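Everything below belongs to run.tsv, which stores TSV, C-alpha atoms and all ligand atoms.
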chain	number	residue	atom	x	y	z
A	95	MET	CA	-85.63	115.12	-89.24
A	96	LEU	CA	-84.93	115.87	-85.59
A	97	ARG	CA	-84.88	119.44	-84.37
A	98	ALA	CA	-84.85	121.39	-81.12
A	99	VAL	CA	-87.71	123.88	-80.76
A	100	VAL	CA	-88.68	126.63	-78.34
A	101	ARG	CA	-92.44	127.27	-78.20
A	102	ALA	CA	-92.52	129.25	-74.92
A	103	PHE	CA	-89.86	131.32	-73.17
A	104	GLY	CA	-88.40	130.01	-69.93
A	105	ASP	CA	-85.63	127.94	-68.40
A	106	PRO	CA	-83.78	126.46	-71.41
A	107	ARG	CA	-83.64	123.03	-69.77
A	108	GLN	CA	-87.43	122.99	-69.55
A	109	VAL	CA	-88.61	124.76	-72.68
A	110	ILE	CA	-86.25	123.45	-75.36
A	111	ARG	CA	-87.96	120.35	-76.77
A	112	LEU	CA	-86.91	117.82	-79.39
A	113	GLU	CA	-89.39	117.04	-82.15
A	114	ASP	CA	-89.64	115.49	-85.61
A	115	ALA	CA	-90.20	117.92	-88.46
A	116	GLY	CA	-90.34	117.93	-92.25
A	117	ARG	CA	-87.51	119.16	-94.46
A	118	PRO	CA	-88.57	122.25	-96.42
A	119	ALA	CA	-87.07	122.48	-99.92
A	120	PRO	CA	-84.64	125.32	-100.56
A	121	GLY	CA	-86.16	128.14	-102.61
A	122	PRO	CA	-84.40	130.32	-105.22
A	123	GLY	CA	-81.02	131.49	-103.90
A	124	GLU	CA	-81.25	129.17	-100.90
A	125	ILE	CA	-79.37	126.02	-99.93
A	126	GLU	CA	-80.14	123.14	-97.63
A	127	VAL	CA	-77.34	122.33	-95.20
A	128	ARG	CA	-76.92	119.09	-93.26
A	129	ILE	CA	-75.59	120.26	-89.90
A	130	ARG	CA	-72.43	118.37	-88.87
A	131	ARG	CA	-71.60	120.24	-85.65
A	132	ALA	CA	-73.31	123.02	-83.72
A	133	ALA	CA	-71.99	124.80	-80.65
A	134	ILE	CA	-73.82	125.45	-77.39
A	135	ASN	CA	-72.98	129.01	-76.33
A	136	PRO	CA	-74.40	131.18	-73.52
A	137	SER	CA	-75.66	133.50	-76.27
A	138	ASP	CA	-77.85	130.67	-77.63
A	139	LEU	CA	-79.61	130.28	-74.29
A	140	ILE	CA	-80.30	133.92	-73.44
A	141	PRO	CA	-82.99	134.38	-76.17
A	142	VAL	CA	-84.65	131.18	-74.92
A	143	THR	CA	-85.26	132.81	-71.52
A	144	GLY	CA	-87.23	135.60	-73.20
A	145	ALA	CA	-84.60	138.26	-72.49
A	146	TYR	CA	-85.03	139.59	-76.06
A	147	ARG	CA	-88.69	138.59	-76.46
A	148	SER	CA	-89.58	141.69	-78.48
A	149	ARG	CA	-87.29	140.54	-81.30
A	150	THR	CA	-87.59	136.75	-80.86
A	151	PRO	CA	-90.68	135.34	-82.60
A	152	LEU	CA	-91.92	131.97	-81.33
A	153	PRO	CA	-91.53	129.16	-82.17
A	154	PHE	CA	-87.86	129.05	-83.10
A	155	VAL	CA	-85.00	126.59	-83.43
A	156	PRO	CA	-82.05	127.71	-81.27
A	157	GLY	CA	-78.37	127.63	-82.20
A	158	PHE	CA	-76.51	130.51	-83.80
A	159	GLU	CA	-73.27	128.74	-84.63
A	160	GLY	CA	-72.23	125.58	-86.40
A	161	VAL	CA	-70.96	123.98	-89.57
A	162	GLY	CA	-72.70	121.84	-92.14
A	163	GLU	CA	-72.45	120.56	-95.69
A	164	VAL	CA	-74.54	121.63	-98.64
A	165	VAL	CA	-76.98	118.85	-99.60
A	166	ARG	CA	-79.52	120.65	-101.83
A	167	LEU	CA	-79.35	123.78	-103.98
A	168	GLY	CA	-82.31	126.02	-104.73
A	169	GLU	CA	-82.88	127.41	-108.20
A	170	GLY	CA	-80.53	130.08	-109.50
A	171	GLY	CA	-76.84	130.49	-108.90
A	172	THR	CA	-75.81	130.12	-105.29
A	173	GLY	CA	-72.04	130.01	-105.85
A	174	LEU	CA	-71.90	126.89	-103.65
A	175	SER	CA	-71.75	123.21	-104.56
A	176	ILE	CA	-73.13	119.99	-103.10
A	177	GLY	CA	-70.84	118.59	-100.41
A	178	GLN	CA	-69.17	121.93	-99.66
A	179	ARG	CA	-68.85	122.79	-95.98
A	180	VAL	CA	-70.32	126.12	-94.92
A	181	LEU	CA	-71.01	128.26	-91.86
A	182	PRO	CA	-74.63	129.46	-91.98
A	183	VAL	CA	-74.84	132.78	-90.10
A	184	GLY	CA	-77.24	135.62	-89.36
A	185	ALA	CA	-80.08	133.67	-87.72
A	186	SER	CA	-80.60	130.89	-85.21
A	187	GLY	CA	-81.59	127.38	-86.33
A	188	LEU	CA	-78.43	125.30	-86.10
A	189	TRP	CA	-79.81	122.84	-83.51
A	190	GLN	CA	-81.48	120.66	-86.10
A	191	GLN	CA	-80.38	118.10	-88.64
A	192	TYR	CA	-81.09	120.13	-91.78
A	193	LEU	CA	-81.30	123.88	-92.23
A	194	VAL	CA	-82.41	125.98	-95.21
A	195	ARG	CA	-80.62	129.36	-95.45
A	196	PRO	CA	-80.05	131.93	-98.20
A	197	ALA	CA	-76.69	131.14	-99.82
A	198	ASP	CA	-75.71	134.78	-99.23
A	199	TRP	CA	-75.71	134.03	-95.49
A	200	CYS	CA	-73.39	131.01	-95.79
A	201	PHE	CA	-69.59	131.15	-95.82
A	202	ALA	CA	-67.33	128.44	-97.19
A	203	VAL	CA	-65.08	126.64	-94.69
A	204	PRO	CA	-61.45	125.89	-95.62
A	205	ASP	CA	-60.67	122.17	-95.97
A	206	ASP	CA	-57.90	122.21	-93.37
A	207	LEU	CA	-60.22	123.10	-90.47
A	208	SER	CA	-61.94	120.26	-88.63
A	209	ASP	CA	-65.70	120.29	-88.10
A	210	ASP	CA	-65.13	121.05	-84.40
A	211	GLU	CA	-62.90	124.03	-85.20
A	212	ALA	CA	-65.26	125.36	-87.86
A	213	ALA	CA	-68.26	125.03	-85.52
A	214	MET	CA	-66.66	127.57	-83.14
A	215	ALA	CA	-65.19	129.95	-85.75
A	216	TYR	CA	-68.01	132.47	-85.78
A	217	VAL	CA	-69.64	133.89	-82.63
A	218	ASN	CA	-66.73	134.30	-80.25
A	219	PRO	CA	-63.88	135.13	-82.66
A	220	LEU	CA	-65.90	137.72	-84.59
A	221	THR	CA	-67.21	139.31	-81.37
A	222	ALA	CA	-63.67	139.44	-79.97
A	223	PHE	CA	-62.51	141.27	-83.13
A	224	ARG	CA	-65.31	143.83	-82.73
A	225	LEU	CA	-64.50	144.38	-79.05
A	226	VAL	CA	-60.80	144.98	-79.71
A	227	ASP	CA	-61.70	147.32	-82.58
A	228	ALA	CA	-64.04	149.20	-80.22
A	229	ALA	CA	-61.22	149.60	-77.68
A	230	LYS	CA	-58.90	150.85	-80.42
A	231	ALA	CA	-61.56	153.29	-81.62
A	232	HIS	CA	-62.00	154.64	-78.07
A	233	PHE	CA	-58.31	155.19	-77.35
A	234	GLY	CA	-57.25	156.14	-80.86
A	235	ASP	CA	-53.96	154.39	-80.26
A	236	ALA	CA	-53.19	151.23	-78.28
A	237	ALA	CA	-50.34	152.16	-75.95
A	238	GLY	CA	-50.31	149.69	-73.10
A	239	GLN	CA	-53.67	150.74	-71.62
A	240	ARG	CA	-54.81	148.29	-68.92
A	241	ILE	CA	-57.97	146.65	-70.17
A	242	GLY	CA	-59.90	144.36	-67.83
A	243	VAL	CA	-61.57	141.30	-69.37
A	244	THR	CA	-64.26	139.78	-67.16
A	245	ALA	CA	-65.15	136.06	-67.23
A	246	ALA	CA	-61.64	135.86	-68.63
A	247	ALA	CA	-61.49	132.06	-68.63
A	248	SER	CA	-64.48	131.87	-70.98
A	249	ALA	CA	-63.88	130.96	-74.61
A	250	ILE	CA	-64.19	134.56	-75.74
A	251	GLY	CA	-62.29	135.87	-72.70
A	252	ARG	CA	-59.24	133.81	-73.66
A	253	MET	CA	-59.41	135.14	-77.22
A	254	LEU	CA	-59.63	138.72	-75.95
A	255	LEU	CA	-56.55	138.31	-73.77
A	256	VAL	CA	-54.50	137.35	-76.82
A	257	LEU	CA	-56.02	139.86	-79.26
A	258	LEU	CA	-55.69	142.79	-76.84
A	259	ALA	CA	-52.01	142.01	-76.27
A	260	GLN	CA	-51.45	141.65	-80.03
A	261	ALA	CA	-53.07	145.07	-80.53
A	262	GLY	CA	-50.72	146.75	-78.02
A	263	PHE	CA	-52.98	146.87	-74.94
A	264	ARG	CA	-52.22	145.33	-71.55
A	265	PRO	CA	-54.99	142.79	-70.84
A	266	VAL	CA	-55.92	142.12	-67.22
A	267	ALA	CA	-57.81	138.84	-66.74
A	268	LEU	CA	-60.66	139.18	-64.24
A	269	VAL	CA	-62.27	135.98	-62.97
A	270	ARG	CA	-64.82	135.18	-60.30
A	271	SER	CA	-62.90	132.66	-58.20
A	272	ALA	CA	-59.40	131.67	-57.15
A	273	GLY	CA	-59.99	128.26	-58.71
A	274	THR	CA	-60.64	129.81	-62.12
A	275	ALA	CA	-57.55	131.99	-61.67
A	276	VAL	CA	-55.40	128.91	-61.11
A	277	ARG	CA	-56.87	127.22	-64.19
A	278	LEU	CA	-56.37	130.29	-66.36
A	279	ALA	CA	-52.77	130.75	-65.18
A	280	GLN	CA	-51.91	127.50	-66.98
A	281	VAL	CA	-52.57	129.19	-70.32
A	282	PHE	CA	-52.20	132.95	-69.64
A	283	SER	CA	-48.98	134.40	-68.23
A	284	GLY	CA	-50.24	137.98	-67.80
A	285	GLU	CA	-52.01	139.61	-64.83
A	286	ILE	CA	-54.95	137.67	-63.38
A	287	ALA	CA	-57.14	138.99	-60.56
A	288	VAL	CA	-60.28	137.84	-58.82
A	289	ARG	CA	-63.06	140.37	-59.61
A	290	SER	CA	-61.04	143.59	-59.70
A	291	ALA	CA	-57.59	145.05	-60.37
A	292	PRO	CA	-57.74	148.85	-60.27
A	293	PRO	CA	-56.86	151.11	-61.89
A	294	LEU	CA	-58.17	150.03	-65.29
A	295	ASP	CA	-58.38	152.15	-68.44
A	296	ALA	CA	-61.26	150.08	-69.83
A	297	VAL	CA	-63.31	146.97	-69.16
A	298	LEU	CA	-64.74	144.49	-71.67
A	299	ASP	CA	-67.52	143.00	-69.59
A	300	ALA	CA	-69.54	139.82	-70.01
A	301	VAL	CA	-70.88	139.72	-66.43
A	302	GLY	CA	-72.87	142.91	-65.68
A	303	GLY	CA	-74.82	143.28	-62.41
A	304	ALA	CA	-73.13	144.20	-59.12
A	305	PRO	CA	-69.66	142.99	-60.22
A	306	GLY	CA	-69.98	145.22	-63.29
A	307	ASP	CA	-71.04	148.21	-61.15
A	308	ALA	CA	-67.99	147.73	-58.93
A	309	LEU	CA	-65.68	147.62	-61.94
A	310	PHE	CA	-67.31	150.66	-63.55
A	311	ARG	CA	-66.35	152.65	-60.44
A	312	THR	CA	-62.68	151.73	-60.77
A	313	ILE	CA	-62.13	152.88	-64.37
A	314	ARG	CA	-59.78	155.79	-64.89
A	315	PRO	CA	-61.35	159.10	-66.05
A	316	GLY	CA	-61.82	159.13	-69.81
A	317	GLY	CA	-61.85	155.34	-69.96
A	318	ALA	CA	-64.43	152.98	-71.43
A	319	PHE	CA	-66.76	150.23	-70.26
A	320	ILE	CA	-68.04	147.97	-73.02
A	321	GLN	CA	-70.67	145.43	-72.01
A	322	TYR	CA	-71.24	142.46	-74.28
A	323	GLY	CA	-72.80	139.90	-71.94
A	324	ALA	CA	-74.70	139.54	-68.65
A	325	LEU	CA	-73.59	136.23	-67.17
A	326	SER	CA	-74.70	137.46	-63.72
A	327	GLY	CA	-78.25	137.70	-65.08
A	328	ALA	CA	-78.40	141.48	-64.47
A	329	GLN	CA	-77.45	144.70	-66.19
A	330	LEU	CA	-75.35	147.49	-64.67
A	331	ASP	CA	-77.13	150.01	-62.46
A	332	PRO	CA	-78.63	152.47	-65.02
A	333	ALA	CA	-78.16	155.42	-62.60
A	334	LEU	CA	-74.46	154.66	-62.31
A	335	VAL	CA	-74.08	154.41	-66.08
A	336	ALA	CA	-76.07	157.62	-66.62
A	337	SER	CA	-73.82	159.50	-64.16
A	338	ARG	CA	-70.92	159.03	-66.61
A	339	ARG	CA	-68.68	159.03	-63.53
A	340	GLY	CA	-65.23	160.28	-64.51
A	341	ASP	CA	-66.46	160.71	-68.08
A	342	VAL	CA	-66.27	156.95	-68.58
A	343	ALA	CA	-67.88	156.00	-71.90
A	344	PHE	CA	-70.39	153.15	-71.63
A	345	SER	CA	-71.55	151.09	-74.59
A	346	PHE	CA	-73.10	147.75	-75.47
A	347	LEU	CA	-71.65	145.59	-78.22
A	348	TRP	CA	-73.72	142.88	-79.90
A	349	LEU	CA	-72.27	140.82	-82.74
A	350	ARG	CA	-75.76	140.49	-84.19
A	351	SER	CA	-76.00	144.25	-84.86
A	352	TRP	CA	-72.71	144.25	-86.74
A	353	VAL	CA	-73.46	141.07	-88.72
A	354	HIS	CA	-76.71	142.55	-89.99
A	355	SER	CA	-75.13	145.84	-91.03
A	356	ALA	CA	-71.76	144.62	-92.37
A	357	SER	CA	-71.17	143.90	-96.05
A	358	ARG	CA	-70.64	140.31	-97.16
A	359	ALA	CA	-67.02	141.29	-97.97
A	360	ALA	CA	-66.49	142.54	-94.41
A	361	LEU	CA	-67.92	139.30	-93.01
A	362	ALA	CA	-65.73	137.23	-95.34
A	363	GLU	CA	-62.69	139.21	-94.21
A	364	ALA	CA	-63.57	138.61	-90.55
A	365	PHE	CA	-63.97	134.87	-91.22
A	366	ALA	CA	-60.58	134.78	-92.97
A	367	LEU	CA	-59.01	136.31	-89.82
A	368	SER	CA	-60.88	133.85	-87.63
A	369	PHE	CA	-59.74	130.83	-89.68
A	370	ALA	CA	-56.14	132.13	-89.59
A	371	GLY	CA	-56.29	132.60	-85.80
A	372	ILE	CA	-57.67	129.08	-85.35
A	373	ARG	CA	-54.85	127.67	-87.51
A	374	ALA	CA	-52.31	129.66	-85.49
A	375	GLY	CA	-53.80	128.23	-82.29
A	376	PHE	CA	-54.99	131.36	-80.47
A	377	LEU	CA	-58.64	131.49	-81.57
A	378	GLY	CA	-59.56	127.87	-81.05
A	379	SER	CA	-61.65	126.74	-78.09
A	380	ALA	CA	-61.34	123.55	-76.11
A	381	VAL	CA	-64.11	120.98	-76.63
A	382	GLU	CA	-65.55	119.31	-73.55
A	383	ALA	CA	-67.69	116.80	-75.46
A	384	VAL	CA	-69.57	116.17	-78.69
A	385	LEU	CA	-73.10	114.84	-78.11
A	386	PRO	CA	-75.85	113.75	-80.49
A	387	LEU	CA	-78.83	116.09	-80.80
A	388	SER	CA	-80.96	113.40	-79.15
A	389	ASP	CA	-78.84	114.00	-76.01
A	390	LEU	CA	-79.56	117.74	-75.96
A	391	PRO	CA	-81.22	117.62	-72.51
A	392	ALA	CA	-78.06	116.05	-71.07
A	393	ALA	CA	-75.90	118.58	-72.91
A	394	LEU	CA	-77.93	121.50	-71.50
A	395	ALA	CA	-77.61	120.11	-67.97
A	396	ARG	CA	-73.85	119.83	-68.50
A	397	GLN	CA	-73.61	123.39	-69.85
A	398	ASP	CA	-74.15	124.74	-66.30
A	399	ASP	CA	-71.68	122.36	-64.68
A	400	PRO	CA	-68.94	124.46	-63.01
A	401	ALA	CA	-66.46	121.67	-63.82
A	402	ARG	CA	-67.06	122.08	-67.58
A	403	SER	CA	-63.70	122.88	-69.15
A	404	GLY	CA	-64.62	123.51	-72.80
A	405	LYS	CA	-67.44	123.90	-75.29
A	406	LEU	CA	-70.19	121.34	-75.70
A	407	LEU	CA	-70.87	120.58	-79.35
A	408	ILE	CA	-73.91	118.89	-80.84
A	409	ALA	CA	-73.60	116.46	-83.72
A	410	PRO	CA	-77.13	116.47	-85.18
B	1	LIG	N1	-72.52	140.42	-77.34
B	1	LIG	C1	-72.32	139.42	-78.15
B	1	LIG	O1	-72.62	139.51	-79.35
B	1	LIG	C2	-71.67	138.17	-77.62
B	1	LIG	C3	-71.05	137.28	-78.49
B	1	LIG	C4	-70.36	136.18	-77.96
B	1	LIG	C5	-70.37	135.96	-76.58
B	1	LIG	N2	-71.05	136.83	-75.78
B	1	LIG	C6	-71.09	136.63	-74.32
B	1	LIG	O2	-69.81	136.27	-73.84
B	1	LIG	C7	-69.99	135.54	-72.64
B	1	LIG	C8	-69.07	134.34	-72.64
B	1	LIG	O3	-69.40	133.47	-73.71
B	1	LIG	P1	-68.53	132.15	-74.00
B	1	LIG	O4	-69.12	131.46	-75.15
B	1	LIG	O5	-67.10	132.55	-74.07
B	1	LIG	O6	-68.78	131.35	-72.65
B	1	LIG	P2	-68.15	129.99	-72.08
B	1	LIG	O7	-66.93	129.61	-72.83
B	1	LIG	O8	-69.27	129.04	-71.94
B	1	LIG	O9	-67.64	130.39	-70.63
B	1	LIG	C9	-68.46	130.79	-69.61
B	1	LIG	C10	-67.57	131.44	-68.55
B	1	LIG	O10	-68.34	132.33	-67.81
B	1	LIG	C11	-67.92	132.36	-66.49
B	1	LIG	N3	-69.05	132.80	-65.71
B	1	LIG	C12	-70.31	132.29	-65.72
B	1	LIG	N4	-71.08	133.02	-64.89
B	1	LIG	C13	-70.30	133.99	-64.37
B	1	LIG	C14	-70.53	135.05	-63.45
B	1	LIG	N5	-71.74	135.25	-62.90
B	1	LIG	N6	-69.48	135.84	-63.13
B	1	LIG	C15	-68.27	135.66	-63.68
B	1	LIG	N7	-68.00	134.68	-64.56
B	1	LIG	C16	-69.00	133.85	-64.89
B	1	LIG	C17	-67.44	130.95	-66.19
B	1	LIG	O11	-66.46	131.12	-65.20
B	1	LIG	P3	-65.84	130.01	-64.26
B	1	LIG	O12	-64.69	129.46	-65.08
B	1	LIG	O13	-65.40	130.78	-63.07
B	1	LIG	O14	-66.92	129.01	-63.97
B	1	LIG	C18	-66.89	130.51	-67.57
B	1	LIG	O15	-65.50	130.79	-67.65
B	1	LIG	C19	-71.48	135.21	-72.54
B	1	LIG	O16	-72.09	136.14	-71.67
B	1	LIG	C20	-71.99	135.46	-73.94
B	1	LIG	O17	-73.36	135.82	-73.98
B	1	LIG	C21	-71.68	137.91	-76.27

Give the structure from this file in structure tokens form.
Ligand SMILES: NC(=O)c1ccc[n+]([C@@H]2O[C@H](COP(=O)([O-])OP(=O)(O)OC[C@H]3O[C@@H](n4cnc5c(N)ncnc54)[C@H](OP(=O)(O)O)[C@@H]3O)[C@@H](O)[C@H]2O)c1
Amino acid sequence: MLRAVVRAFGDPRQVIRLEDAGRPAPGPGEIEVRIRRAAINPSDLIPVTGAYRSRTPLPFVPGFEGVGEVVRLGEGGTGLSIGQRVLPVGASGLWQQYLVRPADWCFAVPDDLSDDEAAMAYVNPLTAFRLVDAAKAHFGDAAGQRIGVTAAASAIGRMLLVLLAQAGFRPVALVRSAGTAVRLAQVFSGEIAVRSAPPLDAVLDAVGGAPGDALFRTIRPGGAFIQYGALSGAQLDPALVASRRGDVAFSFLWLRSWVHSASRAALAEAFALSFAGIRAGFLGSAVEAVLPLSDLPAALARQDDPARSGKLLIAP
């Protein structure tokens, strides 16, 4: 079978290689899944650079999100059947044709969702739920607080704009260019600003670096800054964060931490909400293209294209 492999950290376009590999048999409690679609997300590429090298053993197969069908069952009851579509979660490895995972880490996909929809039902929707819950926990009550969402035209940014409004907050879309603002205005009728729109009660930040520092300084006293990404390639200034200027609470939020501490029931509940939001149309993401795994180098080059208007999916 064909798989993508990382054997050394570095620029994803240089270090992610395609290779042939054997198909290990599923052990007790495990299933083998034939991957039908896998997403390419920024969060798949960050570990490849070595940003989390202390917790990323080499070699590894990238890809945290995708959908496949069960093709082999290990011994013992797995609760799943051959042909059933599942979302394997909790570890990378989706950028290959076949994946063996414990059945406990696989969630059944409803028949009415397409493969494309199912392949994007995990990372961004579940993270968006956690971020909105974190905002609710900070303020106790959602009462129209102005919450800035950076990289607001991203797949998760668009979800946050909807979920924050549904929760009773006032989302403010923050983008990095006027061009992105124009594009986002076609789908979001609320406030959109380039970089900053003070005063803000909180910021959900996927950018970090100097733009994050500037935003941190504009948050109202007693507000919150929750960082969940670093698209700029840098973190906030640690001295600024440590100063707790205006008693602004700073925290990181990583889906991974929650997924590995949540019960299976809590994960199943989150997936049910995600599937419902996709059906209702506000948690789906646009697809730019579906490419075979053999075209992964081309897909990775396209991932950085500023003209990209949706997710790139791999069909292994
Ligand atoms: N913490 C977690 O567990 C977790 C989970 C899910 C996602 N994330 C993070 O969420 C972020 C977005 O993910 P996604 O899948 O939604 O991405 P995506 O759909 O691929 O969108 C990327 C967006 O980022 C914007 N962007 C790129 N570099 C930027 C910069 N330096 N400053 C401002 N905007 C920038 C682009 O803006 P333009 O439209 O202007 O080009 C584009 O809209 C990533 O950082 C990802 O790691 C984190």

Produce as a PyMOL selection string the set of residues near ligand LIG 1 (chain B), where near means within 7 Å with only C-alpha atoms and all ligand atoms considered.
chain A and resi 135-137+217-218+221+244-251+269-271+274+300-301+322-326+347-350+400+404-405

Write out as a list in words the residues lying within 10 Å of A:Gly303, counting all atoms listed in the file and excluding same-chain residues fewer than 4 positions away.
Asp307, Ala308, Ala324, Leu325, Ser326, Gly327, Ala328, Gln329, Leu330 and Asp331 of chain A

Atoms kept (C-alpha atoms) for selection, written as an mmCIF file, keeping the file's coordinate frame:
data_model
loop_
_atom_site.group_PDB
_atom_site.id
_atom_site.type_symbol
_atom_site.label_atom_id
_atom_site.label_comp_id
_atom_site.auth_asym_id
_atom_site.auth_seq_id
_atom_site.Cartn_x
_atom_site.Cartn_y
_atom_site.Cartn_z
ATOM 1 C CA ASP A 307 -71.040 148.210 -61.150
ATOM 2 C CA ALA A 308 -67.990 147.730 -58.930
ATOM 3 C CA ALA A 324 -74.700 139.540 -68.650
ATOM 4 C CA LEU A 325 -73.590 136.230 -67.170
ATOM 5 C CA SER A 326 -74.700 137.460 -63.720
ATOM 6 C CA GLY A 327 -78.250 137.700 -65.080
ATOM 7 C CA ALA A 328 -78.400 141.480 -64.470
ATOM 8 C CA GLN A 329 -77.450 144.700 -66.190
ATOM 9 C CA LEU A 330 -75.350 147.490 -64.670
ATOM 10 C CA ASP A 331 -77.130 150.010 -62.460
#

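Ranking A:Val381, A:Ile320, A:Val142, A:Ala213 by their shortest atom-to-atom distance to A:Ala102, with all atoms listed in the file included, puts A:Val142 first.
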
List every protein, DNA or RNA residue that has at least one atom no more than 9 Å from (-66.5, 134.8, -87.1) in the file's coordinates, counting all atoms listed in the file, and write the result as a PyMOL selection string.
chain A and resi 214-223+361-362+364-369

Go ahead and dump the residues you just picked, C-alpha atoms, as a PDB file, in the coordinates of the input.
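Wrote again-v1.pdb, looks like this:
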ATOM      1  CA  MET A 214     -66.660 127.570 -83.140  1.00  0.00           C
ATOM      2  CA  ALA A 215     -65.190 129.950 -85.750  1.00  0.00           C
ATOM      3  CA  TYR A 216     -68.010 132.470 -85.780  1.00  0.00           C
ATOM      4  CA  VAL A 217     -69.640 133.890 -82.630  1.00  0.00           C
ATOM      5  CA  ASN A 218     -66.730 134.300 -80.250  1.00  0.00           C
ATOM      6  CA  PRO A 219     -63.880 135.130 -82.660  1.00  0.00           C
ATOM      7  CA  LEU A 220     -65.900 137.720 -84.590  1.00  0.00           C
ATOM      8  CA  THR A 221     -67.210 139.310 -81.370  1.00  0.00           C
ATOM      9  CA  ALA A 222     -63.670 139.440 -79.970  1.00  0.00           C
ATOM     10  CA  PHE A 223     -62.510 141.270 -83.130  1.00  0.00           C
ATOM     11  CA  LEU A 361     -67.920 139.300 -93.010  1.00  0.00           C
ATOM     12  CA  ALA A 362     -65.730 137.230 -95.340  1.00  0.00           C
ATOM     13  CA  ALA A 364     -63.570 138.610 -90.550  1.00  0.00           C
ATOM     14  CA  PHE A 365     -63.970 134.870 -91.220  1.00  0.00           C
ATOM     15  CA  ALA A 366     -60.580 134.780 -92.970  1.00  0.00           C
ATOM     16  CA  LEU A 367     -59.010 136.310 -89.820  1.00  0.00           C
ATOM     17  CA  SER A 368     -60.880 133.850 -87.630  1.00  0.00           C
ATOM     18  CA  PHE A 369     -59.740 130.830 -89.680  1.00  0.00           C
TER      19      PHE A 369
END

Can you tell me which residues surround A:Arg117 at a distance of at most 12 Å, considering all atoms listed in the file, apart from same-chain residues fewer than 4 positions away, and format the answer as a ChimeraX atom specification?
/A:95-97,125-128,165-166,190-194

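Picture a line from atom CA of A:Glu211 to atom CA of A:Val99; it runs 25.2 Å.
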
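Nearest to A:Gly171 of all the residues A:Leu309, A:Val288, A:Ala197, A:Val384 is A:Ala197, based on only C-alpha atoms.
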
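For A:Ala392, the set of protein, DNA and RNA residues having any atom at most 12 Å away, when counting all atoms listed in the file and skipping those fewer than 5 positions along the same chain, is Pro106, Arg107, Gln108, Ile110, Ala383, Val384, Leu385, Pro386, Leu387, Gln397, Asp398, Asp399, Leu406, Leu407 and Ile408 of chain A.
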
Reconstruct stretch 308-322 of chain A at the level of N, CA and C atoms, and format the result as a PDB file, keeping the file's coordinate frame.
ATOM      1  N   ALA A 308     -69.228 147.523 -59.705  1.00  0.00           N
ATOM      2  CA  ALA A 308     -67.990 147.730 -58.930  1.00  0.00           C
ATOM      3  C   ALA A 308     -66.829 148.057 -59.867  1.00  0.00           C
ATOM      4  N   LEU A 309     -66.767 147.357 -60.986  1.00  0.00           N
ATOM      5  CA  LEU A 309     -65.680 147.620 -61.940  1.00  0.00           C
ATOM      6  C   LEU A 309     -65.820 148.998 -62.577  1.00  0.00           C
ATOM      7  N   PHE A 310     -67.053 149.355 -62.908  1.00  0.00           N
ATOM      8  CA  PHE A 310     -67.310 150.660 -63.550  1.00  0.00           C
ATOM      9  C   PHE A 310     -66.717 151.776 -62.688  1.00  0.00           C
ATOM     10  N   ARG A 311     -66.819 151.600 -61.362  1.00  0.00           N
ATOM     11  CA  ARG A 311     -66.350 152.650 -60.440  1.00  0.00           C
ATOM     12  C   ARG A 311     -64.831 152.741 -60.389  1.00  0.00           C
ATOM     13  N   THR A 312     -64.141 151.707 -60.899  1.00  0.00           N
ATOM     14  CA  THR A 312     -62.680 151.730 -60.770  1.00  0.00           C
ATOM     15  C   THR A 312     -61.990 152.200 -62.061  1.00  0.00           C
ATOM     16  N   ILE A 313     -62.767 152.522 -63.083  1.00  0.00           N
ATOM     17  CA  ILE A 313     -62.130 152.880 -64.370  1.00  0.00           C
ATOM     18  C   ILE A 313     -61.590 154.314 -64.308  1.00  0.00           C
ATOM     19  N   ARG A 314     -60.406 154.461 -64.863  1.00  0.00           N
ATOM     20  CA  ARG A 314     -59.780 155.790 -64.890  1.00  0.00           C
ATOM     21  C   ARG A 314     -60.637 156.779 -65.669  1.00  0.00           C
ATOM     22  N   PRO A 315     -60.603 158.087 -65.296  1.00  0.00           N
ATOM     23  CA  PRO A 315     -61.350 159.100 -66.050  1.00  0.00           C
ATOM     24  C   PRO A 315     -60.994 159.038 -67.537  1.00  0.00           C
ATOM     25  N   GLY A 316     -62.035 159.165 -68.351  1.00  0.00           N
ATOM     26  CA  GLY A 316     -61.820 159.130 -69.810  1.00  0.00           C
ATOM     27  C   GLY A 316     -61.749 157.728 -70.364  1.00  0.00           C
ATOM     28  N   GLY A 317     -61.937 156.723 -69.497  1.00  0.00           N
ATOM     29  CA  GLY A 317     -61.850 155.340 -69.960  1.00  0.00           C
ATOM     30  C   GLY A 317     -63.157 154.858 -70.594  1.00  0.00           C
ATOM     31  N   ALA A 318     -63.258 153.536 -70.751  1.00  0.00           N
ATOM     32  CA  ALA A 318     -64.430 152.980 -71.430  1.00  0.00           C
ATOM     33  C   ALA A 318     -64.878 151.683 -70.771  1.00  0.00           C
ATOM     34  N   PHE A 319     -66.178 151.478 -70.760  1.00  0.00           N
ATOM     35  CA  PHE A 319     -66.760 150.230 -70.260  1.00  0.00           C
ATOM     36  C   PHE A 319     -67.649 149.696 -71.375  1.00  0.00           C
ATOM     37  N   ILE A 320     -67.266 148.542 -71.916  1.00  0.00           N
ATOM     38  CA  ILE A 320     -68.040 147.970 -73.020  1.00  0.00           C
ATOM     39  C   ILE A 320     -68.668 146.668 -72.529  1.00  0.00           C
ATOM     40  N   GLN A 321     -69.978 146.636 -72.479  1.00  0.00           N
ATOM     41  CA  GLN A 321     -70.670 145.430 -72.010  1.00  0.00           C
ATOM     42  C   GLN A 321     -71.130 144.606 -73.195  1.00  0.00           C
ATOM     43  N   TYR A 322     -70.816 143.313 -73.163  1.00  0.00           N
ATOM     44  CA  TYR A 322     -71.240 142.460 -74.280  1.00  0.00           C
ATOM     45  C   TYR A 322     -71.901 141.177 -73.789  1.00  0.00           C
TER      46      TYR A 322
END
